[in-house]
$ cat protein.cif   # mmCIF, N, CA and C atoms
data_structure
#
loop_
_atom_site.label_atom_id
_atom_site.label_comp_id
_atom_site.auth_asym_id
_atom_site.auth_seq_id
_atom_site.Cartn_x
_atom_site.Cartn_y
_atom_site.Cartn_z
N MET A 36 98.85 89.34 99.60
CA MET A 36 99.36 90.64 99.20
C MET A 36 98.22 91.64 99.26
N LYS A 37 98.52 92.82 99.78
CA LYS A 37 97.50 93.86 99.89
C LYS A 37 98.02 95.15 99.26
N THR A 38 97.17 95.74 98.45
CA THR A 38 97.50 97.00 97.79
C THR A 38 96.48 98.05 98.20
N PHE A 39 96.98 99.25 98.48
CA PHE A 39 96.15 100.38 98.84
C PHE A 39 96.22 101.38 97.70
N VAL A 40 95.07 101.73 97.12
CA VAL A 40 95.00 102.69 96.02
C VAL A 40 94.32 103.95 96.55
N LEU A 41 95.05 105.05 96.50
CA LEU A 41 94.56 106.31 97.05
C LEU A 41 94.17 107.26 95.92
N PHE A 42 92.88 107.46 95.73
CA PHE A 42 92.38 108.44 94.76
C PHE A 42 92.39 109.81 95.44
N GLY A 43 92.83 110.83 94.71
CA GLY A 43 92.92 112.16 95.28
C GLY A 43 94.18 112.33 96.11
N SER A 44 95.22 111.62 95.74
CA SER A 44 96.44 111.56 96.56
C SER A 44 97.17 112.88 96.67
N THR A 45 96.95 113.81 95.75
CA THR A 45 97.65 115.09 95.81
C THR A 45 96.77 116.20 96.38
N GLY A 46 95.59 115.85 96.84
CA GLY A 46 94.67 116.83 97.40
C GLY A 46 94.97 117.17 98.85
N ASP A 47 94.28 118.16 99.35
CA ASP A 47 94.50 118.68 100.70
C ASP A 47 94.24 117.63 101.78
N LEU A 48 93.12 116.93 101.68
CA LEU A 48 92.78 115.93 102.69
C LEU A 48 93.82 114.81 102.74
N ALA A 49 94.23 114.34 101.59
CA ALA A 49 95.22 113.26 101.55
C ALA A 49 96.56 113.72 102.11
N THR A 50 96.99 114.92 101.75
CA THR A 50 98.31 115.37 102.19
C THR A 50 98.35 115.69 103.68
N ARG A 51 97.24 116.11 104.24
CA ARG A 51 97.23 116.44 105.67
C ARG A 51 96.99 115.23 106.57
N TYR A 52 96.19 114.28 106.11
CA TYR A 52 95.77 113.20 107.01
C TYR A 52 96.12 111.79 106.52
N VAL A 53 95.85 111.50 105.27
CA VAL A 53 95.95 110.12 104.80
C VAL A 53 97.41 109.71 104.55
N LEU A 54 98.16 110.50 103.81
CA LEU A 54 99.54 110.12 103.48
C LEU A 54 100.42 109.93 104.73
N PRO A 55 100.32 110.80 105.73
CA PRO A 55 101.13 110.55 106.93
C PRO A 55 100.80 109.21 107.61
N ALA A 56 99.56 108.82 107.59
CA ALA A 56 99.17 107.55 108.22
C ALA A 56 99.60 106.35 107.39
N LEU A 57 99.66 106.50 106.08
CA LEU A 57 100.02 105.37 105.22
C LEU A 57 101.46 104.91 105.43
N GLY A 58 102.34 105.83 105.79
CA GLY A 58 103.71 105.43 106.08
C GLY A 58 103.76 104.39 107.19
N THR A 59 102.96 104.60 108.22
CA THR A 59 102.90 103.65 109.33
C THR A 59 102.33 102.32 108.86
N LEU A 60 101.30 102.35 108.05
CA LEU A 60 100.69 101.10 107.56
C LEU A 60 101.66 100.31 106.69
N LEU A 61 102.47 101.00 105.89
CA LEU A 61 103.46 100.31 105.07
C LEU A 61 104.58 99.73 105.95
N GLN A 62 104.98 100.47 106.97
CA GLN A 62 106.03 99.98 107.86
C GLN A 62 105.59 98.72 108.60
N LYS A 63 104.34 98.67 108.97
CA LYS A 63 103.83 97.52 109.72
C LYS A 63 103.34 96.41 108.80
N TRP A 64 103.55 96.56 107.49
CA TRP A 64 103.17 95.58 106.48
C TRP A 64 101.68 95.27 106.46
N VAL A 65 100.89 96.28 106.85
CA VAL A 65 99.44 96.13 106.68
C VAL A 65 99.13 96.11 105.18
N TYR A 66 99.83 96.97 104.44
CA TYR A 66 99.74 96.99 102.98
C TYR A 66 101.13 96.80 102.40
N ASN A 67 101.21 96.06 101.29
CA ASN A 67 102.48 95.82 100.63
C ASN A 67 102.81 96.91 99.62
N ASN A 68 101.77 97.46 99.00
CA ASN A 68 101.97 98.44 97.92
C ASN A 68 101.01 99.60 98.10
N LEU A 69 101.44 100.75 97.61
CA LEU A 69 100.62 101.95 97.61
C LEU A 69 100.61 102.50 96.20
N ILE A 70 99.41 102.70 95.66
CA ILE A 70 99.26 103.33 94.35
C ILE A 70 98.51 104.63 94.58
N CYS A 71 99.16 105.73 94.25
CA CYS A 71 98.55 107.05 94.40
C CYS A 71 98.01 107.49 93.05
N VAL A 72 96.77 107.90 93.04
CA VAL A 72 96.10 108.33 91.81
C VAL A 72 95.82 109.82 91.92
N GLY A 73 96.21 110.55 90.90
CA GLY A 73 95.98 111.99 90.87
C GLY A 73 95.85 112.48 89.44
N ARG A 74 95.46 113.72 89.30
CA ARG A 74 95.27 114.26 87.95
C ARG A 74 96.49 115.04 87.43
N ARG A 75 97.48 115.21 88.29
CA ARG A 75 98.67 115.96 87.88
C ARG A 75 99.55 115.10 86.98
N ASP A 76 100.14 115.75 85.99
CA ASP A 76 101.00 115.06 85.04
C ASP A 76 102.42 115.03 85.59
N TRP A 77 102.68 114.09 86.47
CA TRP A 77 103.96 114.00 87.16
C TRP A 77 104.76 112.78 86.71
N SER A 78 106.06 112.95 86.70
CA SER A 78 106.96 111.82 86.49
C SER A 78 107.15 111.13 87.84
N ARG A 79 107.85 110.01 87.82
CA ARG A 79 108.16 109.29 89.06
C ARG A 79 108.98 110.18 90.01
N ASP A 80 109.94 110.94 89.44
CA ASP A 80 110.75 111.84 90.27
C ASP A 80 109.93 112.98 90.85
N ASP A 81 109.02 113.53 90.06
CA ASP A 81 108.13 114.58 90.58
C ASP A 81 107.35 114.07 91.77
N PHE A 82 106.85 112.84 91.65
CA PHE A 82 106.05 112.29 92.73
C PHE A 82 106.90 112.01 93.96
N ARG A 83 108.12 111.52 93.76
CA ARG A 83 109.02 111.30 94.91
C ARG A 83 109.31 112.61 95.62
N ASN A 84 109.50 113.69 94.86
CA ASN A 84 109.72 115.00 95.48
C ASN A 84 108.50 115.43 96.29
N PHE A 85 107.32 115.12 95.77
CA PHE A 85 106.08 115.43 96.49
C PHE A 85 106.02 114.68 97.82
N LEU A 86 106.55 113.46 97.85
CA LEU A 86 106.54 112.63 99.06
C LEU A 86 107.62 113.02 100.07
N ALA A 87 108.48 113.94 99.72
CA ALA A 87 109.61 114.31 100.59
C ALA A 87 109.21 114.62 102.04
N PRO A 88 108.11 115.33 102.30
CA PRO A 88 107.75 115.60 103.70
C PRO A 88 107.30 114.37 104.48
N TYR A 89 107.02 113.28 103.80
CA TYR A 89 106.51 112.08 104.45
C TYR A 89 107.65 111.06 104.56
N SER A 90 108.50 111.24 105.53
CA SER A 90 109.70 110.41 105.65
C SER A 90 109.36 108.93 105.79
N ASP A 91 108.25 108.60 106.44
CA ASP A 91 107.86 107.19 106.56
C ASP A 91 107.57 106.56 105.20
N LEU A 92 107.06 107.35 104.28
CA LEU A 92 106.77 106.83 102.94
C LEU A 92 108.03 106.71 102.09
N LEU A 93 108.98 107.60 102.31
CA LEU A 93 110.19 107.58 101.48
C LEU A 93 110.98 106.28 101.63
N ASN A 94 110.82 105.61 102.75
CA ASN A 94 111.50 104.33 102.93
C ASN A 94 110.90 103.22 102.07
N HIS A 95 109.76 103.49 101.44
CA HIS A 95 109.04 102.46 100.68
C HIS A 95 108.82 102.87 99.23
N THR A 96 109.68 103.71 98.68
CA THR A 96 109.41 104.23 97.33
C THR A 96 109.39 103.16 96.26
N GLU A 97 109.98 102.01 96.50
CA GLU A 97 109.94 100.94 95.50
C GLU A 97 108.57 100.28 95.44
N THR A 98 107.77 100.43 96.48
CA THR A 98 106.44 99.83 96.49
C THR A 98 105.34 100.87 96.33
N ILE A 99 105.74 102.08 95.94
CA ILE A 99 104.78 103.16 95.74
C ILE A 99 104.80 103.57 94.27
N SER A 100 103.61 103.68 93.70
CA SER A 100 103.48 104.12 92.30
C SER A 100 102.54 105.31 92.23
N TYR A 101 102.70 106.07 91.17
CA TYR A 101 101.80 107.19 90.91
C TYR A 101 101.17 106.98 89.55
N VAL A 102 99.84 107.10 89.50
CA VAL A 102 99.11 106.95 88.24
C VAL A 102 98.33 108.23 87.99
N ARG A 103 98.58 108.83 86.84
CA ARG A 103 97.81 110.01 86.44
C ARG A 103 96.52 109.51 85.82
N LEU A 104 95.38 110.07 86.30
CA LEU A 104 94.09 109.60 85.81
C LEU A 104 93.06 110.71 85.91
N ASP A 105 92.37 110.96 84.81
CA ASP A 105 91.22 111.84 84.81
C ASP A 105 90.03 110.97 85.21
N ILE A 106 89.59 111.10 86.45
CA ILE A 106 88.58 110.18 86.96
C ILE A 106 87.23 110.33 86.29
N GLU A 107 86.98 111.47 85.67
CA GLU A 107 85.66 111.70 85.06
C GLU A 107 85.55 111.11 83.66
N GLY A 108 86.60 111.01 82.94
CA GLY A 108 86.48 110.48 81.59
C GLY A 108 87.69 109.71 81.16
N GLY A 109 88.57 109.45 82.10
CA GLY A 109 89.83 108.79 81.78
C GLY A 109 89.70 107.30 81.61
N ASP A 110 90.77 106.75 81.12
CA ASP A 110 90.87 105.32 80.90
C ASP A 110 91.49 104.69 82.14
N TYR A 111 90.74 103.89 82.84
CA TYR A 111 91.19 103.27 84.08
C TYR A 111 92.14 102.09 83.83
N SER A 112 92.41 101.79 82.57
CA SER A 112 93.30 100.65 82.31
C SER A 112 94.74 100.92 82.73
N ALA A 113 95.16 102.18 82.81
CA ALA A 113 96.51 102.48 83.31
C ALA A 113 96.63 102.03 84.77
N LEU A 114 95.59 102.26 85.55
CA LEU A 114 95.57 101.80 86.94
C LEU A 114 95.56 100.27 86.99
N LYS A 115 94.77 99.66 86.13
CA LYS A 115 94.71 98.20 86.10
C LYS A 115 96.08 97.61 85.77
N ASN A 116 96.81 98.24 84.85
CA ASN A 116 98.14 97.75 84.49
C ASN A 116 99.10 97.79 85.67
N VAL A 117 99.06 98.85 86.46
CA VAL A 117 99.94 98.95 87.62
C VAL A 117 99.60 97.86 88.64
N ILE A 118 98.31 97.65 88.88
CA ILE A 118 97.89 96.61 89.82
C ILE A 118 98.34 95.23 89.31
N GLN A 119 98.16 94.98 88.02
CA GLN A 119 98.58 93.69 87.47
C GLN A 119 100.10 93.52 87.51
N ASN A 120 100.85 94.61 87.36
CA ASN A 120 102.31 94.51 87.48
C ASN A 120 102.73 94.10 88.87
N TYR A 121 102.03 94.59 89.89
CA TYR A 121 102.32 94.15 91.25
C TYR A 121 102.02 92.66 91.40
N GLU A 122 100.93 92.21 90.81
CA GLU A 122 100.59 90.79 90.87
C GLU A 122 101.64 89.95 90.17
N LEU A 123 102.12 90.38 89.00
CA LEU A 123 103.15 89.64 88.29
C LEU A 123 104.45 89.62 89.08
N TRP A 124 104.78 90.74 89.73
CA TRP A 124 106.00 90.80 90.52
C TRP A 124 105.96 89.78 91.65
N ILE A 125 104.85 89.69 92.33
CA ILE A 125 104.78 88.76 93.46
C ILE A 125 104.80 87.31 92.96
N ILE A 126 104.20 87.03 91.83
CA ILE A 126 104.24 85.67 91.28
C ILE A 126 105.68 85.31 90.91
N ASN A 127 106.39 86.21 90.25
CA ASN A 127 107.79 85.95 89.88
C ASN A 127 108.68 85.86 91.11
N TYR A 128 108.42 86.68 92.10
CA TYR A 128 109.21 86.68 93.32
C TYR A 128 109.07 85.35 94.06
N GLU A 129 107.90 84.77 93.99
CA GLU A 129 107.67 83.50 94.67
C GLU A 129 107.94 82.32 93.73
N SER A 130 108.83 82.51 92.79
CA SER A 130 109.28 81.46 91.86
C SER A 130 108.14 80.81 91.09
N GLY A 131 107.27 81.64 90.58
CA GLY A 131 106.23 81.13 89.70
C GLY A 131 105.00 80.57 90.40
N SER A 132 104.94 80.66 91.71
CA SER A 132 103.76 80.13 92.40
C SER A 132 102.54 80.99 92.08
N GLN A 133 101.40 80.41 92.23
CA GLN A 133 100.16 81.11 91.94
C GLN A 133 99.90 82.19 93.00
N LEU A 134 99.36 83.30 92.54
CA LEU A 134 98.98 84.36 93.46
C LEU A 134 97.71 83.93 94.17
N LYS A 135 97.80 83.68 95.46
CA LYS A 135 96.64 83.17 96.19
C LYS A 135 95.57 84.24 96.34
N THR A 136 95.94 85.36 96.91
CA THR A 136 94.97 86.43 97.12
C THR A 136 95.65 87.76 96.94
N HIS A 137 95.05 88.61 96.18
CA HIS A 137 95.54 89.97 96.05
C HIS A 137 94.38 90.88 96.43
N GLU A 138 94.43 91.39 97.64
CA GLU A 138 93.38 92.28 98.12
C GLU A 138 93.73 93.71 97.77
N VAL A 139 92.74 94.44 97.27
CA VAL A 139 92.95 95.84 96.90
C VAL A 139 91.91 96.68 97.62
N THR A 140 92.39 97.72 98.27
CA THR A 140 91.51 98.70 98.91
C THR A 140 91.61 99.99 98.13
N TYR A 141 90.48 100.48 97.65
CA TYR A 141 90.41 101.75 96.94
C TYR A 141 89.89 102.80 97.92
N HIS A 142 90.71 103.76 98.24
CA HIS A 142 90.32 104.83 99.17
C HIS A 142 90.00 106.06 98.34
N LEU A 143 88.74 106.47 98.38
CA LEU A 143 88.29 107.62 97.59
C LEU A 143 88.36 108.87 98.45
N CYS A 144 89.48 109.53 98.38
CA CYS A 144 89.72 110.77 99.13
C CYS A 144 89.33 111.93 98.21
N LEU A 145 88.05 111.94 97.86
CA LEU A 145 87.51 112.84 96.84
C LEU A 145 86.21 113.46 97.33
N SER A 146 85.73 114.42 96.58
CA SER A 146 84.40 114.98 96.85
C SER A 146 83.35 113.92 96.58
N PRO A 147 82.25 113.93 97.34
CA PRO A 147 81.22 112.90 97.19
C PRO A 147 80.65 112.75 95.78
N GLU A 148 80.64 113.81 95.00
CA GLU A 148 80.06 113.70 93.66
C GLU A 148 80.88 112.81 92.73
N TYR A 149 82.10 112.42 93.13
CA TYR A 149 82.93 111.55 92.30
C TYR A 149 82.89 110.09 92.72
N PHE A 150 82.25 109.76 93.82
CA PHE A 150 82.25 108.39 94.32
C PHE A 150 81.70 107.40 93.29
N VAL A 151 80.55 107.71 92.75
CA VAL A 151 79.90 106.81 91.78
C VAL A 151 80.72 106.75 90.49
N THR A 152 81.26 107.89 90.07
CA THR A 152 82.07 107.95 88.84
C THR A 152 83.27 107.01 88.95
N VAL A 153 83.96 107.05 90.08
CA VAL A 153 85.14 106.19 90.25
C VAL A 153 84.71 104.72 90.33
N ALA A 154 83.65 104.44 91.05
CA ALA A 154 83.17 103.05 91.15
C ALA A 154 82.85 102.49 89.76
N LYS A 155 82.20 103.28 88.94
CA LYS A 155 81.89 102.84 87.57
C LYS A 155 83.16 102.69 86.74
N GLY A 156 84.13 103.59 86.94
CA GLY A 156 85.40 103.51 86.22
C GLY A 156 86.16 102.24 86.57
N LEU A 157 86.18 101.90 87.85
CA LEU A 157 86.84 100.67 88.28
C LEU A 157 86.16 99.45 87.66
N ALA A 158 84.84 99.47 87.66
CA ALA A 158 84.08 98.36 87.08
C ALA A 158 84.30 98.25 85.57
N SER A 159 84.52 99.39 84.91
CA SER A 159 84.67 99.38 83.45
C SER A 159 85.88 98.59 82.98
N VAL A 160 86.88 98.42 83.86
CA VAL A 160 88.07 97.65 83.48
C VAL A 160 88.23 96.40 84.33
N GLY A 161 87.16 96.02 85.02
CA GLY A 161 87.17 94.78 85.78
C GLY A 161 87.92 94.82 87.10
N LEU A 162 88.05 95.99 87.69
CA LEU A 162 88.74 96.11 88.98
C LEU A 162 87.79 95.98 90.17
N ASN A 163 86.55 95.67 89.92
CA ASN A 163 85.56 95.49 90.98
C ASN A 163 85.43 94.01 91.32
N THR A 164 86.53 93.40 91.71
CA THR A 164 86.56 91.96 91.99
C THR A 164 86.10 91.68 93.42
N SER A 165 85.97 90.42 93.73
CA SER A 165 85.54 90.04 95.08
C SER A 165 86.64 90.32 96.12
N ASN A 166 87.87 90.52 95.68
CA ASN A 166 88.97 90.84 96.61
C ASN A 166 89.19 92.33 96.77
N ALA A 167 88.28 93.14 96.22
CA ALA A 167 88.43 94.59 96.27
C ALA A 167 87.40 95.20 97.23
N SER A 168 87.82 96.26 97.88
CA SER A 168 86.89 97.01 98.72
C SER A 168 87.11 98.50 98.45
N VAL A 169 86.04 99.26 98.66
CA VAL A 169 86.08 100.70 98.44
C VAL A 169 85.85 101.39 99.77
N MET A 170 86.75 102.30 100.09
CA MET A 170 86.65 103.09 101.31
C MET A 170 86.34 104.53 100.88
N ILE A 171 85.31 105.09 101.47
CA ILE A 171 84.86 106.43 101.08
C ILE A 171 85.13 107.40 102.23
N GLU A 172 85.71 108.55 101.87
CA GLU A 172 85.92 109.61 102.86
C GLU A 172 84.59 110.29 103.15
N LYS A 173 84.42 110.69 104.36
CA LYS A 173 83.21 111.43 104.69
C LYS A 173 83.31 112.83 104.09
N PRO A 174 82.27 113.50 103.80
CA PRO A 174 80.90 113.13 104.10
C PRO A 174 80.36 112.09 103.12
N PHE A 175 79.50 111.26 103.63
CA PHE A 175 78.89 110.20 102.83
C PHE A 175 77.64 110.74 102.15
N TRP A 176 77.79 111.80 101.47
CA TRP A 176 76.81 112.52 100.67
C TRP A 176 76.19 113.65 101.47
N HIS A 177 74.98 114.09 101.09
CA HIS A 177 74.42 115.32 101.66
C HIS A 177 73.39 115.10 102.76
N ASP A 178 72.61 114.04 102.63
CA ASP A 178 71.55 113.76 103.60
C ASP A 178 71.26 112.26 103.57
N LEU A 179 70.29 111.81 104.35
CA LEU A 179 69.98 110.39 104.42
C LEU A 179 69.56 109.83 103.07
N LYS A 180 68.76 110.55 102.34
CA LYS A 180 68.26 110.07 101.04
C LYS A 180 69.42 109.84 100.07
N THR A 181 70.33 110.80 99.95
CA THR A 181 71.45 110.64 99.02
C THR A 181 72.45 109.59 99.53
N ALA A 182 72.59 109.46 100.83
CA ALA A 182 73.48 108.43 101.39
C ALA A 182 72.94 107.04 101.07
N ILE A 183 71.63 106.86 101.19
CA ILE A 183 71.01 105.57 100.87
C ILE A 183 71.19 105.25 99.38
N ALA A 184 71.03 106.26 98.54
CA ALA A 184 71.21 106.07 97.09
C ALA A 184 72.66 105.67 96.78
N LEU A 185 73.63 106.32 97.43
CA LEU A 185 75.03 105.99 97.19
C LEU A 185 75.36 104.59 97.66
N ASN A 186 74.82 104.21 98.80
CA ASN A 186 75.08 102.88 99.34
C ASN A 186 74.54 101.81 98.40
#
$ encode --input "protein.cif" --output "structure tokens"
Amino acid sequence: MKTFVLFGSTGDLATRYVLPALGTLLQKWVYNNLICVGRRDWSRDDFRNFLAPYSDLLNHTETISYVRLDIEGGDYSALKNVIQNYELWIINYESGSQLKTHEVTYHLCLSPEYFVTVAKGLASVGLNTSNASVMIEKPFWHDLKTAIALN
């Protein structure tokens, strides 16, 4: 099972480039679930209305969740709960079998100054597992020195 977590899901970069591509990835079962993280206080219906222009995504609304999170000082356990609910769903769906692998990709579609903040937030609730990877949107900081520090 693979889950894609998109930080900055309601921002300009995500709405113009990332969300349209994710519909294709969900259709081809590259990812089973999509969790969109944003700072807007939206209900599930608000978020579905936001997804209306992305017809490829609308076909998968049962596997798409929205998590409101203040990435600078928020509690990342709400995100952890959604990820764990997907894990429980797949275990129950497979009649109680053990979850073999749950790979999570965190895509940080954010300004570079938030990369470290989010990485620390994920680690604070134990989401930095060996099955997790972090994808960072460019720019990868300001210059070679800051890029090396971020890496």
$ atom_distance --input "protein.cif" --atom1 "atom N of A:Leu48" --atom2 "atom CA of A:Lys173"
11.7 Å
$ select_by_dssp --input "protein.cif" --residues "stretch 86-122 of chain A" --states "strand (DSSP E)" --output "list of chain:residue names"
A:Ile99, A:Ser100, A:Tyr101, A:Val102, A:Arg103
$ write_last_selection --input "protein.cif" --atoms "N, CA and C atoms" --output "PDB file, in the frame of the given file"
ATOM      1  N   ILE A  99     105.740 102.080  95.940  1.00  0.00           N
ATOM      2  CA  ILE A  99     104.780 103.160  95.740  1.00  0.00           C
ATOM      3  C   ILE A  99     104.800 103.570  94.270  1.00  0.00           C
ATOM      4  N   SER A 100     103.610 103.680  93.700  1.00  0.00           N
ATOM      5  CA  SER A 100     103.480 104.120  92.300  1.00  0.00           C
ATOM      6  C   SER A 100     102.540 105.310  92.230  1.00  0.00           C
ATOM      7  N   TYR A 101     102.700 106.070  91.170  1.00  0.00           N
ATOM      8  CA  TYR A 101     101.800 107.190  90.910  1.00  0.00           C
ATOM      9  C   TYR A 101     101.170 106.980  89.550  1.00  0.00           C
ATOM     10  N   VAL A 102      99.840 107.100  89.500  1.00  0.00           N
ATOM     11  CA  VAL A 102      99.110 106.950  88.240  1.00  0.00           C
ATOM     12  C   VAL A 102      98.330 108.230  87.990  1.00  0.00           C
ATOM     13  N   ARG A 103      98.580 108.830  86.840  1.00  0.00           N
ATOM     14  CA  ARG A 103      97.810 110.010  86.440  1.00  0.00           C
ATOM     15  C   ARG A 103      96.520 109.510  85.820  1.00  0.00           C
TER      16      ARG A 103
END
$ resolve_selection --input "protein.cif" --expression "the PyMOL selection byres ((chain A and resi 80-94) around 6.5)" --output "VMD selection string"
chain A and resid 54 to 55 57 to 59 77 to 79 95 to 97
$ write_last_selection --input "protein.cif" --atoms "N, CA and C atoms" --output "PDB file, in the coordinates of the input"
ATOM      1  N   LEU A  54      98.160 110.500 103.810  1.00  0.00           N
ATOM      2  CA  LEU A  54      99.540 110.120 103.480  1.00  0.00           C
ATOM      3  C   LEU A  54     100.420 109.930 104.730  1.00  0.00           C
ATOM      4  N   PRO A  55     100.320 110.800 105.730  1.00  0.00           N
ATOM      5  CA  PRO A  55     101.130 110.550 106.930  1.00  0.00           C
ATOM      6  C   PRO A  55     100.800 109.210 107.610  1.00  0.00           C
ATOM      7  N   LEU A  57      99.660 106.500 106.080  1.00  0.00           N
ATOM      8  CA  LEU A  57     100.020 105.370 105.220  1.00  0.00           C
ATOM      9  C   LEU A  57     101.460 104.910 105.430  1.00  0.00           C
ATOM     10  N   GLY A  58     102.340 105.830 105.790  1.00  0.00           N
ATOM     11  CA  GLY A  58     103.710 105.430 106.080  1.00  0.00           C
ATOM     12  C   GLY A  58     103.760 104.390 107.190  1.00  0.00           C
ATOM     13  N   THR A  59     102.960 104.600 108.220  1.00  0.00           N
ATOM     14  CA  THR A  59     102.900 103.650 109.330  1.00  0.00           C
ATOM     15  C   THR A  59     102.330 102.320 108.860  1.00  0.00           C
ATOM     16  N   TRP A  77     102.680 114.090  86.470  1.00  0.00           N
ATOM     17  CA  TRP A  77     103.960 114.000  87.160  1.00  0.00           C
ATOM     18  C   TRP A  77     104.760 112.780  86.710  1.00  0.00           C
ATOM     19  N   SER A  78     106.060 112.950  86.700  1.00  0.00           N
ATOM     20  CA  SER A  78     106.960 111.820  86.490  1.00  0.00           C
ATOM     21  C   SER A  78     107.150 111.130  87.840  1.00  0.00           C
ATOM     22  N   ARG A  79     107.850 110.010  87.820  1.00  0.00           N
ATOM     23  CA  ARG A  79     108.160 109.290  89.060  1.00  0.00           C
ATOM     24  C   ARG A  79     108.980 110.180  90.010  1.00  0.00           C
ATOM     25  N   HIS A  95     109.760 103.490 101.440  1.00  0.00           N
ATOM     26  CA  HIS A  95     109.040 102.460 100.680  1.00  0.00           C
ATOM     27  C   HIS A  95     108.820 102.870  99.230  1.00  0.00           C
ATOM     28  N   THR A  96     109.680 103.710  98.680  1.00  0.00           N
ATOM     29  CA  THR A  96     109.410 104.230  97.330  1.00  0.00           C
ATOM     30  C   THR A  96     109.390 103.160  96.260  1.00  0.00           C
ATOM     31  N   GLU A  97     109.980 102.010  96.500  1.00  0.00           N
ATOM     32  CA  GLU A  97     109.940 100.940  95.500  1.00  0.00           C
ATOM     33  C   GLU A  97     108.570 100.280  95.440  1.00  0.00           C
TER      34      GLU A  97
END
$ atom_distance --input "protein.cif" --atom1 "atom CA of A:Glu122" --atom2 "atom CA of A:Ala56"
24.2 Å
$ closest_residue --input "protein.cif" --among "A:Ile171, A:Ile118, A:Ala158, A:Thr45" --to "A:Tyr141" --atoms "all atoms listed in the file"
A:Ile171
$ closest_residue --input "protein.cif" --among "A:Trp64, A:Tyr111, A:Phe42, A:Tyr52" --to "A:Leu157" --atoms "all atoms listed in the file"
A:Tyr111
$ closest_residue --input "protein.cif" --among "A:Val72, A:Asn186, A:Lys115, A:Arg51" --to "A:Val160" --atoms "all atoms listed in the file"
A:Lys115
$ atom_distance --input "protein.cif" --atom1 "atom CA of A:Phe150" --atom2 "atom CA of A:Val117"
21.1 Å
$ select_by_dssp --input "protein.cif" --residues "chain A" --states "helix (DSSP H, G or I)" --output "MDAnalysis selection string"
chainID A and resid 47:62 79:85 90:93 96:98 112:128 147:159 179:185
$ resolve_selection --input "protein.cif" --expression "the PyMOL selection byres (((chain A and resi 100 and name CA) around 7) and name CA)" --output "list of chain:residue names"
A:Leu69, A:Ile70, A:Cys71, A:Thr98, A:Ile99, A:Tyr101, A:Val102
$ resolve_selection --input "protein.cif" --expression "the PyMOL selection byres ((chain A and resi 107) around 8)" --output "list in words"
Leu104, Asp105, Ile106, Gly108, Gly109, Asp110, Tyr149, Thr152 and Val153 of chain A
$ residues_around --input "protein.cif" --residues "A:Asn67" --least-positions-apart "6" --cutoff "6.5 Å" --atoms "all atoms listed in the file" --output "ChimeraX atom specification"
/A:36-39,61,98
$ residues_around --input "protein.cif" --residues "A:Glu172" --least-positions-apart "2" --cutoff "12 Å" --atoms "only C-alpha atoms" --output "list in words"
Leu41, Phe42, Gly43, Leu48, Ala49, Tyr52, Val53, Tyr141, His142, Leu143, Cys144, Leu145, Ser146, Pro147, Glu148, Tyr149, Phe150, Val169, Met170, Pro174, Phe175 and Trp176 of chain A
$ closest_residue --input "protein.cif" --among "A:Val40, A:Leu114, A:Leu162, A:Ala167" --to "A:Asn68" --atoms "all atoms listed in the file"
A:Val40
$ residues_around --input "protein.cif" --residues "A:Ser165" --least-positions-apart "5" --cutoff "8 Å" --atoms "all atoms listed in the file" --output "PyMOL selection string"
chain A and resi 137-139
$ write_last_selection --input "protein.cif" --atoms "N, CA and C atoms" --output "PDB file, in the coordinates of the input"
ATOM      1  N   HIS A 137      95.050  88.610  96.180  1.00  0.00           N
ATOM      2  CA  HIS A 137      95.540  89.970  96.050  1.00  0.00           C
ATOM      3  C   HIS A 137      94.380  90.880  96.430  1.00  0.00           C
ATOM      4  N   GLU A 138      94.430  91.390  97.640  1.00  0.00           N
ATOM      5  CA  GLU A 138      93.380  92.280  98.120  1.00  0.00           C
ATOM      6  C   GLU A 138      93.730  93.710  97.770  1.00  0.00           C
ATOM      7  N   VAL A 139      92.740  94.440  97.270  1.00  0.00           N
ATOM      8  CA  VAL A 139      92.950  95.840  96.900  1.00  0.00           C
ATOM      9  C   VAL A 139      91.910  96.680  97.620  1.00  0.00           C
TER      10      VAL A 139
END
